[in-house]
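Since the structure comes first, as structure tokens, the remarks are kept for the end.
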Number of protein chains: 2
Amino acid sequence: MKKLINRPEAVVDEALEGLVAAHPGELRLAAPRVVVRADAPVAGKVGLVSGGGSGHEPLHAGFVGAGMLDAACPGEVFTSPVPDQILAATRTVDAGAGVLHVVKNYTGDVMNFELAAELAAAEGLEVRSVLVADDVAVENSTWTAGRRGVGGTLFVEKIAGAAAEAGLPLDAVHALAARVADGSRSMGLALAGCTVPAVGRPGFELAPDEMELGIGIHGEPGRQRVPLAAADEAARMLLEPVLDDLPAAAGAPLLVFVNGMGATPLIELHIVFRAAAAIVRERGFAIGRSLVGSYVTSLDMAGCSISVLALDDELARWWDAPVRTPALRWGA
Amino acid sequence: MKKLINRPEAVVDEALEGLVAAHPGELRLAAPRVVVRADAPVAGKVGLVSGGGSGHEPLHAGFVGAGMLDAACPGEVFTSPVPDQILAATRTVDAGAGVLHVVKNYTGDVMNFELAAELAAAEGLEVRSVLVADDVAVENSTWTAGRRGVGGTLFVEKIAGAAAEAGLPLDAVHALAARVADGSRSMGLALAGCTVPAVGRPGFELAPDEMELGIGIHGEPGRQRVPLAAADEAARMLLEPVLDDLPAAAGAPLLVFVNGMGATPLIELHIVFRAAAAIVRERGFAIGRSLVGSYVTSLDMAGCSISVLALDDELARWWDAPVRTPALRWGA
């Protein structure tokens with residue numbers, strides 16, 4: 001295993017220390033593995049909390065900051081955060097306006113966020129939850145009942161985060177987050193599996209002429225092992241099932257997000273975006289907004305995913321709103 | 001070779017098409033392989049042009065935009081841009097206030113930028129040039145006389161870009177760029193080599209227990225092959241030679257940039273930053289500003305580099321100034 005780490009068991013805490021050290025005045029650790037905005041709680045503002053297993057960086061801790069998350073709770077690599085951790089985050093960001101949990105649909109995450117929400121409610125905090133389940137590749141998986149939550153999580157966190165920053169009340173932020181989660185669709189592929197530090201070998205092995213279609217973000221097997229395809233064809237394999245399932249009117253402007261899985265260089269992602277843009281137009285949609293980069297990753301997996309959301313004026317406005325986090329930053 | 005590409009010979013042009021398509025209204029192709037700000041030339045503003053071989057994305061085309069470069073000229077992968085291409089970029093961004101070329105110290109780049117500058121001068125354009133040679137690993141290399149230009153290039157482009165955006169005249173922008181180039185130091189290491197698409201196999205092979213210290217950004221051999229080290233020790237191997245050579249007063253605040261080489265996930269870069277911050281303090285300096293991410297890459301090379309620049313108030317102010325490019329974006 002070739003990684004720039006010290007000890008496998010220290011990876012998560014040392015990376016969070018590094019993240020916070022690189023953003024003084026913007027982020028702090030409110031407790032171990034509870035990354036919050038330095039200015040939390042923000043008076044009058046709905047608090048946004050997300051979390052999940054580590055290994056998907058910058059998701060979620062890299063999205064903490066003005067206009068996006070108030071707190072992130074990273075678990076061990078590919079392991080759900082614990083309820084006490086989520087509860088601590090919820091308490092820290094609550095400013096009396098309530099807290100929204102953004103939860104990716106994995107059995108452990110769902111259970112632990114539910115438990116934390118119950119504990120918070122018992123303390124008198126108002127907590128709502130939105131479930132992200134945008135991966136069209138599989139109906140159920142090793143780790144989930146129902147679809148997995150993947151790249152669409154970024155859409156929910158950015159758009160709900162902008163609305164919360166603007167001072168919308170909990171009902172409205174919750175409804176908006178649910179609308180984005182309902183409208184988001186994603187699918188991914190891998191050219192090479194990823195290696196969990198504590199395991200030391202890749203979760204799956206691919207021959208030089210193979211790729212894995214419909215992978216999740218935990219090194220779990222995908223939908224189908226297929227011959228290695230050219231970028232244009234690979235983009236089509238991802239985007240056709242996504243668009244087939246997308247709740248969108250003909251001609252709608254789409255937010256198209258080409259995401260790297262961790263070890264895929266940007267030059268390749270731009271080639272995939274080029275292909276994706278052509279397919280979007282061919283299917284009668286427009287490119288409304290776009291994002292290209294490695295934001296929802298799977299350690300050192302090579303590959304990419306494509307996530308799509310149909311925009312209306314309101315969603316586009318929240319997407320464009322200022323955001324100031326380590327990983328997404330514009331207009332502020 | 002497992003890459004998300006179509007044909008090796010189409011990689012550069014297709015990636016640039018994708019980049020421009022993902023940033024409509026911000027970037028355009030003024031000519032093949034000449035990426036410019038959509039609003040170029042900007043009246044009254046010094047034009048900033050850089051370029052070099054492709055394969056280092058987002059450098060340079062991902063740094064085109066308000067507050068940084070006016071144009072980038074990407075060559076074939078790891079191959080210098082040609083003089084005509086640099087001349088076209090220079091003409092396109094010239095608004096009468098002169099043009100500054102930011103050139104990394106590689107023999108081909110230096111020669112072709114010089115030729116382009118002479119051709120531009122013959123047309124009556126005022127062109128200056130700054131050479132970046134920040135890599136402390138080797139004195140001469142396969143591709144250079146003198147030190148190579150690597151991560152410090154980002155510092156020069158950001159800081160000179162901010163000054164040009166603020167309307168400073170060519171003399172001042174040139175002097176500032178030269179001061180940043182003179183003050184920047186970098187060094188990198190690789191855990192695995194990179195594969196040039198047209199070649200199809202890695203430039204060098206490393207055993208599972210080896211790493212290459214002092215690598216450049218072209219898959220060329222480094223200073224020394226050493227046993228694979230833990231992140232803390234690896235950070236020290238890079239940062240000690242950098243700080244030993246850094247022109248900086250005791251206690252100075254440093255801009256510290258931990259850069260991924262292309263295939264190294266962010267979680268590892270944050271572990272390296274944590275170690276680097278400790279070494280900076282141990283050596284009696286302070287962390288003034290920081291940047292962590294994959295910005296000056298070498299295709300799918302695994303590894304990292306560390307670049308450092310001692311800041312004063314003026315440099316910090318230009319670093320903090322708004323920038324709006326595909327890869328670096330804040331305050332605007």
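Starting from 1 in every chain, residues are counted up; chains themselves are A, B, ... following the order of the structure tokens, and ligands are numbered from 1 as listed.
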
> Counting only C-alpha atoms, which residues of chain A come no farther than 7 Å from chain B, as an MDAnalysis selection string?
Replying inline: chainID A and resid 2 4:6 14:15 17:19 21:22 57:58 191 208 230:232 262:268 270:271 273:274 290 299:300 329:332

Superimpose chain A on chain B so that the squared distances between all in-order C-alpha pairs are minimised, and send the result as a short mmCIF file (atom, residue, chain, number, x, y, z; two decimals) with C-alpha atoms, in the first residue's frame.
data_model
loop_
_atom_site.label_atom_id
_atom_site.label_comp_id
_atom_site.auth_asym_id
_atom_site.auth_seq_id
_atom_site.Cartn_x
_atom_site.Cartn_y
_atom_site.Cartn_z
CA MET A 1 -2.83 2.27 -19.95
CA LYS A 2 -6.10 2.97 -18.13
CA LYS A 3 -7.26 6.50 -18.79
CA LEU A 4 -10.56 8.23 -19.49
CA ILE A 5 -9.52 9.46 -22.94
CA ASN A 6 -10.56 8.89 -26.53
CA ARG A 7 -7.32 8.97 -28.55
CA PRO A 8 -3.89 9.96 -27.19
CA GLU A 9 -3.45 12.55 -29.95
CA ALA A 10 -6.80 14.20 -29.07
CA VAL A 11 -6.26 14.50 -25.31
CA VAL A 12 -5.12 18.12 -25.18
CA ASP A 13 -7.68 19.61 -27.57
CA GLU A 14 -10.61 17.65 -26.17
CA ALA A 15 -9.72 18.56 -22.58
CA LEU A 16 -9.51 22.25 -23.53
CA GLU A 17 -12.89 22.03 -25.28
CA GLY A 18 -14.29 20.51 -22.10
CA LEU A 19 -12.71 23.18 -19.91
CA VAL A 20 -14.09 26.02 -22.01
CA ALA A 21 -17.52 24.34 -22.27
CA ALA A 22 -17.63 24.09 -18.47
CA HIS A 23 -16.94 27.85 -18.11
CA PRO A 24 -19.04 29.65 -20.72
CA GLY A 25 -18.87 33.41 -20.37
CA GLU A 26 -15.57 33.13 -18.51
CA LEU A 27 -13.20 31.42 -20.96
CA ARG A 28 -12.92 31.10 -24.72
CA LEU A 29 -10.51 29.61 -27.24
CA ALA A 30 -9.07 32.57 -29.18
CA ALA A 31 -7.26 30.06 -31.43
CA PRO A 32 -6.50 26.36 -31.10
CA ARG A 33 -4.71 25.88 -27.78
CA VAL A 34 -4.99 29.55 -26.85
CA VAL A 35 -7.32 29.83 -23.84
CA VAL A 36 -8.21 33.41 -22.92
CA ARG A 37 -10.51 35.27 -20.58
CA ALA A 38 -13.81 35.76 -22.35
CA ASP A 39 -13.46 39.52 -21.87
CA ALA A 40 -9.89 39.82 -23.20
CA PRO A 41 -8.37 42.26 -23.93
CA VAL A 42 -9.27 44.14 -20.76
CA ALA A 43 -8.91 47.89 -21.36
CA GLY A 44 -5.94 49.48 -19.62
CA LYS A 45 -4.76 46.22 -18.05
CA VAL A 46 -1.37 44.55 -18.35
CA GLY A 47 -1.92 41.16 -20.02
CA LEU A 48 -0.58 38.06 -18.28
CA VAL A 49 0.29 35.07 -20.47
CA SER A 50 1.66 31.73 -19.40
CA GLY A 51 1.89 28.29 -20.91
CA GLY A 52 3.89 25.14 -21.14
CA GLY A 53 3.35 21.48 -21.78
CA SER A 54 -0.03 19.98 -20.97
CA GLY A 55 -0.39 17.33 -18.28
CA HIS A 56 -0.07 19.75 -15.35
CA GLU A 57 -3.75 20.68 -15.06
CA PRO A 58 -5.21 22.89 -13.77
CA LEU A 59 -1.92 24.77 -14.50
CA HIS A 60 -2.08 26.93 -16.69
CA ALA A 61 -5.45 27.04 -18.46
CA GLY A 62 -7.34 26.51 -15.20
CA PHE A 63 -5.78 29.74 -13.90
CA VAL A 64 -7.16 31.94 -16.67
CA GLY A 65 -9.67 34.48 -15.42
CA ALA A 66 -10.14 37.70 -13.52
CA GLY A 67 -7.30 38.27 -11.06
CA MET A 68 -4.90 35.75 -12.56
CA LEU A 69 -3.92 34.91 -16.19
CA ASP A 70 -5.36 36.57 -19.28
CA ALA A 71 -4.26 33.68 -21.49
CA ALA A 72 -2.68 30.24 -21.37
CA CYS A 73 -0.94 28.39 -24.21
CA PRO A 74 -0.93 24.65 -23.56
CA GLY A 75 1.44 22.57 -25.66
CA GLU A 76 1.14 18.85 -26.35
CA VAL A 77 1.55 16.73 -23.19
CA PHE A 78 4.93 17.59 -21.60
CA THR A 79 5.87 19.57 -24.75
CA SER A 80 6.43 23.32 -25.05
CA PRO A 81 3.86 25.51 -26.80
CA VAL A 82 5.03 26.86 -30.15
CA PRO A 83 5.99 30.51 -30.73
CA ASP A 84 3.01 31.25 -33.03
CA GLN A 85 0.65 30.07 -30.31
CA ILE A 86 2.29 32.29 -27.69
CA LEU A 87 2.28 35.18 -30.14
CA ALA A 88 -1.45 34.73 -30.80
CA ALA A 89 -2.12 34.75 -27.04
CA THR A 90 0.03 37.84 -26.59
CA ARG A 91 -1.77 39.73 -29.35
CA THR A 92 -5.20 38.70 -28.04
CA VAL A 93 -4.67 39.97 -24.50
CA ASP A 94 -2.68 43.11 -25.31
CA ALA A 95 -4.74 46.18 -24.46
CA GLY A 96 -1.93 48.66 -24.98
CA ALA A 97 -0.55 48.38 -21.44
CA GLY A 98 1.93 45.64 -22.31
CA VAL A 99 2.11 41.91 -21.70
CA LEU A 100 4.00 39.83 -19.14
CA HIS A 101 5.04 36.27 -19.98
CA VAL A 102 5.30 33.89 -17.02
CA VAL A 103 7.73 31.16 -18.13
CA LYS A 104 8.72 28.00 -16.28
CA ASN A 105 12.43 27.26 -16.66
CA TYR A 106 12.45 24.49 -19.26
CA THR A 107 14.72 24.86 -22.27
CA GLY A 108 11.93 24.56 -24.85
CA ASP A 109 9.59 26.92 -23.01
CA VAL A 110 12.29 29.53 -22.54
CA MET A 111 13.27 29.42 -26.22
CA ASN A 112 9.74 29.54 -27.57
CA PHE A 113 8.57 32.31 -25.26
CA GLU A 114 11.68 34.34 -26.21
CA LEU A 115 10.95 33.87 -29.91
CA ALA A 116 7.31 34.86 -29.41
CA ALA A 117 8.34 37.93 -27.42
CA GLU A 118 10.68 38.99 -30.23
CA LEU A 119 7.94 38.54 -32.82
CA ALA A 120 5.52 40.52 -30.66
CA ALA A 121 8.08 43.28 -30.15
CA ALA A 122 8.52 43.45 -33.93
CA GLU A 123 4.79 44.17 -34.11
CA GLY A 124 5.18 46.99 -31.62
CA LEU A 125 3.90 45.19 -28.53
CA GLU A 126 5.69 45.71 -25.23
CA VAL A 127 6.49 42.31 -23.72
CA ARG A 128 8.37 41.43 -20.53
CA SER A 129 9.15 38.01 -19.17
CA VAL A 130 9.64 36.43 -15.77
CA LEU A 131 11.33 33.05 -15.33
CA VAL A 132 10.20 30.68 -12.58
CA ALA A 133 12.89 28.29 -11.31
CA ASP A 134 11.81 27.29 -7.83
CA ASP A 135 12.62 23.56 -7.61
CA VAL A 136 15.43 23.07 -5.10
CA ALA A 137 15.76 19.34 -5.88
CA VAL A 138 18.24 19.54 -8.75
CA GLU A 139 20.58 22.17 -10.14
CA ASN A 140 20.21 20.99 -13.74
CA SER A 141 17.94 18.31 -15.17
CA THR A 142 17.11 16.36 -18.29
CA TRP A 143 14.98 19.24 -19.48
CA THR A 144 16.63 22.33 -18.01
CA ALA A 145 19.72 24.39 -17.50
CA GLY A 146 19.30 25.55 -13.92
CA ARG A 147 16.44 24.80 -11.61
CA ARG A 148 13.03 23.67 -12.88
CA GLY A 149 9.90 25.79 -12.56
CA VAL A 150 7.22 23.96 -10.58
CA GLY A 151 4.67 24.85 -7.87
CA GLY A 152 5.98 28.39 -7.32
CA THR A 153 4.53 29.23 -10.73
CA LEU A 154 1.10 29.36 -9.10
CA PHE A 155 2.37 31.99 -6.63
CA VAL A 156 3.73 34.15 -9.46
CA GLU A 157 0.54 33.87 -11.52
CA LYS A 158 -1.78 34.62 -8.59
CA ILE A 159 0.17 37.55 -7.16
CA ALA A 160 1.17 39.20 -10.44
CA GLY A 161 -2.36 38.52 -11.70
CA ALA A 162 -3.88 40.39 -8.76
CA ALA A 163 -1.57 43.35 -9.34
CA ALA A 164 -2.38 43.45 -13.05
CA GLU A 165 -6.10 43.25 -12.29
CA ALA A 166 -5.73 46.22 -9.93
CA GLY A 167 -4.31 48.25 -12.82
CA LEU A 168 -0.63 48.40 -11.92
CA PRO A 169 1.63 49.28 -14.85
CA LEU A 170 3.88 46.76 -16.62
CA ASP A 171 7.04 47.80 -14.73
CA ALA A 172 5.39 47.21 -11.38
CA VAL A 173 3.71 43.93 -12.33
CA HIS A 174 7.00 42.68 -13.78
CA ALA A 175 8.97 43.66 -10.68
CA LEU A 176 6.43 42.01 -8.40
CA ALA A 177 6.40 38.79 -10.46
CA ALA A 178 10.20 38.69 -10.37
CA ARG A 179 10.19 39.21 -6.61
CA VAL A 180 7.76 36.30 -6.12
CA ALA A 181 9.71 34.05 -8.49
CA ASP A 182 12.94 34.88 -6.63
CA GLY A 183 11.34 34.13 -3.27
CA SER A 184 9.62 30.82 -4.09
CA ARG A 185 11.06 27.39 -3.34
CA SER A 186 9.61 23.91 -3.99
CA MET A 187 10.36 20.22 -3.86
CA GLY A 188 8.34 17.11 -4.72
CA LEU A 189 8.25 13.36 -4.38
CA ALA A 190 6.48 10.51 -6.19
CA LEU A 191 5.03 7.24 -4.96
CA ALA A 192 4.31 6.20 -8.56
CA GLY A 193 5.30 7.59 -11.95
CA CYS A 194 2.96 9.02 -14.55
CA THR A 195 1.93 7.69 -17.94
CA VAL A 196 2.05 9.96 -20.97
CA PRO A 197 -0.97 8.98 -23.15
CA ALA A 198 1.08 8.72 -26.37
CA VAL A 199 3.67 6.52 -24.63
CA GLY A 200 1.32 4.24 -22.72
CA ARG A 201 3.63 3.21 -19.87
CA PRO A 202 4.96 5.03 -16.77
CA GLY A 203 8.07 7.22 -17.15
CA PHE A 204 9.67 5.41 -14.23
CA GLU A 205 8.71 2.39 -12.15
CA LEU A 206 8.95 2.26 -8.38
CA ALA A 207 8.92 -0.85 -6.22
CA PRO A 208 6.15 -1.10 -3.58
CA ASP A 209 8.62 0.02 -0.90
CA GLU A 210 10.25 2.89 -2.81
CA MET A 211 9.57 6.54 -3.50
CA GLU A 212 11.34 9.00 -5.77
CA LEU A 213 12.53 12.18 -4.04
CA GLY A 214 13.01 15.44 -5.89
CA ILE A 215 10.90 14.61 -8.93
CA GLY A 216 9.94 17.26 -11.44
CA ILE A 217 6.60 17.50 -13.18
CA HIS A 218 7.45 15.55 -16.34
CA GLY A 219 7.95 12.05 -15.04
CA GLU A 220 11.69 12.66 -15.14
CA PRO A 221 13.80 10.96 -12.45
CA GLY A 222 14.34 12.84 -9.23
CA ARG A 223 17.22 13.47 -6.90
CA GLN A 224 17.25 10.14 -5.12
CA ARG A 225 15.30 6.90 -4.80
CA VAL A 226 14.57 6.27 -1.13
CA PRO A 227 12.56 3.83 0.97
CA LEU A 228 8.86 4.67 1.24
CA ALA A 229 8.49 6.96 4.27
CA ALA A 230 5.60 7.87 6.55
CA ALA A 231 3.88 11.18 5.76
CA ASP A 232 5.57 13.10 8.59
CA GLU A 233 9.01 12.01 7.45
CA ALA A 234 8.18 12.59 3.78
CA ALA A 235 7.05 16.14 4.57
CA ARG A 236 10.36 16.71 6.33
CA MET A 237 12.36 15.39 3.35
CA LEU A 238 10.65 17.98 1.16
CA LEU A 239 10.39 20.92 3.50
CA GLU A 240 13.87 20.93 5.09
CA PRO A 241 15.70 21.56 1.77
CA VAL A 242 13.04 24.12 0.84
CA LEU A 243 13.39 26.04 4.12
CA ASP A 244 17.20 25.73 4.09
CA ASP A 245 17.21 27.57 0.78
CA LEU A 246 14.37 30.01 1.46
CA PRO A 247 15.20 33.73 1.45
CA ALA A 248 13.19 34.64 4.56
CA ALA A 249 13.74 36.42 7.86
CA ALA A 250 13.27 34.47 11.08
CA GLY A 251 9.64 34.49 12.17
CA ALA A 252 8.31 35.43 8.73
CA PRO A 253 4.80 34.29 7.84
CA LEU A 254 4.99 31.74 5.03
CA LEU A 255 2.60 30.86 2.24
CA VAL A 256 2.69 27.05 2.36
CA PHE A 257 1.30 25.11 -0.58
CA VAL A 258 0.91 21.32 -0.35
CA ASN A 259 0.27 20.16 -3.89
CA GLY A 260 -0.94 16.79 -5.14
CA MET A 261 0.74 15.40 -8.25
CA GLY A 262 -2.53 14.20 -9.83
CA ALA A 263 -3.47 10.82 -8.36
CA THR A 264 -3.06 11.54 -4.66
CA PRO A 265 -6.30 12.01 -2.73
CA LEU A 266 -6.96 15.10 -0.64
CA ILE A 267 -7.07 13.14 2.63
CA GLU A 268 -3.36 12.36 2.21
CA LEU A 269 -2.49 15.96 1.30
CA HIS A 270 -4.08 17.18 4.53
CA ILE A 271 -1.96 14.73 6.52
CA VAL A 272 1.12 16.15 4.77
CA PHE A 273 -0.04 19.72 5.47
CA ARG A 274 -0.41 18.89 9.16
CA ALA A 275 3.20 17.69 9.22
CA ALA A 276 4.41 20.67 7.18
CA ALA A 277 2.75 23.15 9.52
CA ALA A 278 4.52 21.59 12.50
CA ILE A 279 7.91 21.78 10.76
CA VAL A 280 7.31 25.41 9.76
CA ARG A 281 6.66 26.34 13.40
CA GLU A 282 9.59 24.23 14.64
CA ARG A 283 11.88 26.19 12.29
CA GLY A 284 10.68 29.47 13.76
CA PHE A 285 8.39 30.56 10.96
CA ALA A 286 4.62 31.08 11.01
CA ILE A 287 1.89 29.81 8.69
CA GLY A 288 0.76 33.01 6.98
CA ARG A 289 -1.44 31.53 4.26
CA SER A 290 -1.96 28.01 2.97
CA LEU A 291 -3.20 26.10 -0.03
CA VAL A 292 -3.83 22.34 -0.18
CA GLY A 293 -4.88 20.57 -3.37
CA SER A 294 -3.78 19.26 -6.76
CA TYR A 295 -2.92 22.37 -8.80
CA VAL A 296 0.46 21.73 -10.47
CA THR A 297 0.26 18.11 -11.48
CA SER A 298 2.00 15.50 -13.53
CA LEU A 299 -0.85 13.55 -15.16
CA ASP A 300 -1.62 10.54 -12.97
CA MET A 301 1.54 10.67 -10.86
CA ALA A 302 1.00 9.78 -7.20
CA GLY A 303 2.87 12.01 -4.78
CA CYS A 304 3.07 15.58 -3.63
CA SER A 305 5.18 18.68 -3.61
CA ILE A 306 5.56 21.52 -1.14
CA SER A 307 6.08 25.12 -2.24
CA VAL A 308 6.85 28.02 0.07
CA LEU A 309 7.04 31.80 -0.22
CA ALA A 310 7.76 34.23 2.62
CA LEU A 311 5.04 36.86 2.74
CA ASP A 312 5.10 40.52 3.59
CA ASP A 313 1.97 42.67 3.85
CA GLU A 314 2.01 43.53 0.15
CA LEU A 315 2.35 39.91 -1.02
CA ALA A 316 -0.34 38.76 1.42
CA ARG A 317 -2.70 41.44 0.13
CA TRP A 318 -2.23 40.35 -3.51
CA TRP A 319 -2.57 36.69 -2.52
CA ASP A 320 -5.87 37.47 -0.76
CA ALA A 321 -7.21 39.61 -3.63
CA PRO A 322 -10.27 38.29 -5.49
CA VAL A 323 -9.64 35.66 -8.14
CA ARG A 324 -12.14 34.00 -10.45
CA THR A 325 -10.67 31.15 -12.47
CA PRO A 326 -11.77 27.54 -12.91
CA ALA A 327 -9.27 26.27 -10.35
CA LEU A 328 -8.63 29.16 -7.94
CA ARG A 329 -11.64 31.21 -6.99
CA TRP A 330 -12.31 33.38 -4.02
CA GLY A 331 -13.60 36.81 -3.11
CA ALA A 332 -15.28 37.26 -6.50
#

> Which of stretch 78-263 of chain A counts as helix (DSSP H, G or I) under DSSP, as a PyMOL selection string please?
Replying inline: chain A and resi 83-93+107-122+152-165+170-183+231-244

>> Please return, as a list in words, all residues of stretch 98-203 of chain B that DSSP assigns to strand (DSSP E) on the basis of the backbone.
In response: Val99, Leu100, His101, Val102, Val103, Lys104, Val127, Arg128, Ser129, Val130, Leu131, Val132, Ser184, Arg185, Ser186, Met187, Gly188, Leu189, Ala190, Leu191 and Ala192 of chain B

Kindly export the residues of the current selection with N, CA, C and O atoms, as a short mmCIF file (atom, residue, chain, number, x, y, z; two decimals), in the first residue's frame.
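File written: selection-v8.cif
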data_model
loop_
_atom_site.label_atom_id
_atom_site.label_comp_id
_atom_site.auth_asym_id
_atom_site.auth_seq_id
_atom_site.Cartn_x
_atom_site.Cartn_y
_atom_site.Cartn_z
N VAL B 99 2.40 43.31 -22.04
CA VAL B 99 2.10 41.91 -21.71
C VAL B 99 3.28 41.31 -20.95
O VAL B 99 4.44 41.55 -21.30
N LEU B 100 2.98 40.55 -19.90
CA LEU B 100 4.01 39.84 -19.15
C LEU B 100 3.88 38.34 -19.42
O LEU B 100 2.80 37.77 -19.27
N HIS B 101 4.99 37.73 -19.81
CA HIS B 101 5.04 36.27 -19.99
C HIS B 101 5.56 35.63 -18.70
O HIS B 101 6.63 36.01 -18.22
N VAL B 102 4.84 34.66 -18.18
CA VAL B 102 5.30 33.89 -17.02
C VAL B 102 5.79 32.55 -17.56
O VAL B 102 4.99 31.75 -18.07
N VAL B 103 7.10 32.30 -17.46
CA VAL B 103 7.73 31.17 -18.13
C VAL B 103 8.39 30.25 -17.11
O VAL B 103 9.20 30.70 -16.30
N LYS B 104 8.03 28.97 -17.13
CA LYS B 104 8.72 28.00 -16.29
C LYS B 104 10.06 27.67 -16.94
O LYS B 104 10.17 27.57 -18.16
N VAL B 127 6.57 43.59 -24.42
CA VAL B 127 6.50 42.30 -23.72
C VAL B 127 7.65 42.17 -22.75
O VAL B 127 8.80 42.44 -23.09
N ARG B 128 7.35 41.77 -21.52
CA ARG B 128 8.37 41.42 -20.54
C ARG B 128 8.21 39.95 -20.19
O ARG B 128 7.19 39.34 -20.49
N SER B 129 9.20 39.43 -19.50
CA SER B 129 9.16 38.01 -19.18
C SER B 129 9.70 37.78 -17.78
O SER B 129 10.64 38.45 -17.35
N VAL B 130 9.10 36.84 -17.07
CA VAL B 130 9.64 36.42 -15.78
C VAL B 130 9.83 34.90 -15.82
O VAL B 130 8.99 34.17 -16.34
N LEU B 131 10.98 34.47 -15.31
CA LEU B 131 11.33 33.05 -15.34
C LEU B 131 11.12 32.47 -13.94
O LEU B 131 11.58 33.03 -12.95
N VAL B 132 10.42 31.33 -13.87
CA VAL B 132 10.19 30.66 -12.58
C VAL B 132 11.09 29.44 -12.51
O VAL B 132 11.07 28.59 -13.40
N SER B 184 10.35 32.09 -4.18
CA SER B 184 9.62 30.82 -4.09
C SER B 184 10.57 29.62 -4.14
O SER B 184 11.53 29.62 -4.92
N ARG B 185 10.28 28.62 -3.34
CA ARG B 185 11.06 27.38 -3.32
C ARG B 185 10.11 26.19 -3.24
O ARG B 185 9.12 26.24 -2.50
N SER B 186 10.47 25.09 -3.93
CA SER B 186 9.60 23.91 -3.99
C SER B 186 10.43 22.64 -4.02
O SER B 186 11.59 22.64 -4.45
N MET B 187 9.78 21.54 -3.60
CA MET B 187 10.36 20.21 -3.85
C MET B 187 9.24 19.18 -3.81
O MET B 187 8.26 19.35 -3.08
N GLY B 188 9.39 18.10 -4.61
CA GLY B 188 8.34 17.10 -4.72
C GLY B 188 8.85 15.68 -4.61
O GLY B 188 10.05 15.42 -4.70
N LEU B 189 7.92 14.76 -4.40
CA LEU B 189 8.25 13.33 -4.38
C LEU B 189 7.12 12.56 -5.05
O LEU B 189 5.98 13.02 -5.13
N ALA B 190 7.47 11.37 -5.53
CA ALA B 190 6.48 10.52 -6.19
C ALA B 190 6.43 9.15 -5.53
O ALA B 190 7.47 8.59 -5.16
N LEU B 191 5.22 8.63 -5.39
CA LEU B 191 5.03 7.24 -4.96
C LEU B 191 4.85 6.34 -6.18
O LEU B 191 5.02 5.13 -6.11
N ALA B 192 4.47 6.94 -7.31
CA ALA B 192 4.32 6.20 -8.56
C ALA B 192 4.48 7.19 -9.70
O ALA B 192 4.08 8.35 -9.58
#
